[in-house]
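Presented below is the structure to which this report refers.
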Amino acid sequence: MLSGKKIKTKIGKVVSDSMEKSVVVKVEYLVSHPLYKKRIKKSTKFMAHDEKDICNIGDKVKIAETRPLSKRKRWRVTEILEKTK
């Protein structure tokens, strides 16, 4: 945070860990329908860098924005909030 920019972070669940040092994290959020005002659950998948390769499917993780690491990876896993059993 030296340049004065705030680093974006998101919390999600790991849905794929089949790659080496990479995981796919699904982040869910609620939006309100424009006409009916009902809350709808939507989700987005992010590819994140997992340096130590310790994340497993189902883990709840926190990811932070970083420089581009590959074509689709712009996030990195900062911490594992909850491990699966």
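To be explicit about the labels: the chains of the structure tokens are called A, B, and onward in the order shown, and within each one the residues are counted from 1, while ligands get numbers from 1 in the order they are shown.
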
For this session: Using only C-alpha atoms, determine which residues lie at most 12 Å from Leu69 in chain A, disregarding the query and same-chain residues fewer than 2 positions distant; provide the list as a VMD selection string.
Result: chain A and resid 21 to 22 47 to 51 65 to 67 71 to 76

Problem set entry | Near-Val31 in chain A list (12 Å; only C-alpha atoms; drop same-chain fewer than 6 positions) as number ranges by chain | A: 37-43

Take the residues from that selection and put them in a file with N, CA and C atoms, as a PDB file, in the first residue's frame.
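Okay, out-v1.pdb is ready:
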```
ATOM      1  N   LYS A  37     -37.415  -6.141  -6.294  1.00  0.00           N
ATOM      2  CA  LYS A  37     -36.687  -5.860  -5.042  1.00  0.00           C
ATOM      3  C   LYS A  37     -36.340  -7.111  -4.226  1.00  0.00           C
ATOM      4  N   LYS A  38     -36.469  -8.290  -4.836  1.00  0.00           N
ATOM      5  CA  LYS A  38     -36.077  -9.514  -4.137  1.00  0.00           C
ATOM      6  C   LYS A  38     -34.557  -9.654  -4.207  1.00  0.00           C
ATOM      7  N   ARG A  39     -33.962 -10.128  -3.115  1.00  0.00           N
ATOM      8  CA  ARG A  39     -32.507 -10.317  -3.069  1.00  0.00           C
ATOM      9  C   ARG A  39     -32.156 -11.603  -3.816  1.00  0.00           C
ATOM     10  N   ILE A  40     -31.208 -11.497  -4.760  1.00  0.00           N
ATOM     11  CA  ILE A  40     -30.790 -12.634  -5.580  1.00  0.00           C
ATOM     12  C   ILE A  40     -29.327 -12.927  -5.274  1.00  0.00           C
ATOM     13  N   LYS A  41     -29.002 -14.219  -5.101  1.00  0.00           N
ATOM     14  CA  LYS A  41     -27.614 -14.608  -4.849  1.00  0.00           C
ATOM     15  C   LYS A  41     -26.914 -14.813  -6.188  1.00  0.00           C
ATOM     16  N   LYS A  42     -25.811 -14.102  -6.402  1.00  0.00           N
ATOM     17  CA  LYS A  42     -25.003 -14.257  -7.603  1.00  0.00           C
ATOM     18  C   LYS A  42     -23.592 -14.632  -7.182  1.00  0.00           C
ATOM     19  N   SER A  43     -22.790 -15.129  -8.143  1.00  0.00           N
ATOM     20  CA  SER A  43     -21.425 -15.521  -7.811  1.00  0.00           C
ATOM     21  C   SER A  43     -20.479 -15.232  -8.964  1.00  0.00           C
TER      22      SER A  43
END
```

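Picture a line from CA of Val27 in chain A to CA of Lys52 in chain A; it runs 21.4 Å.
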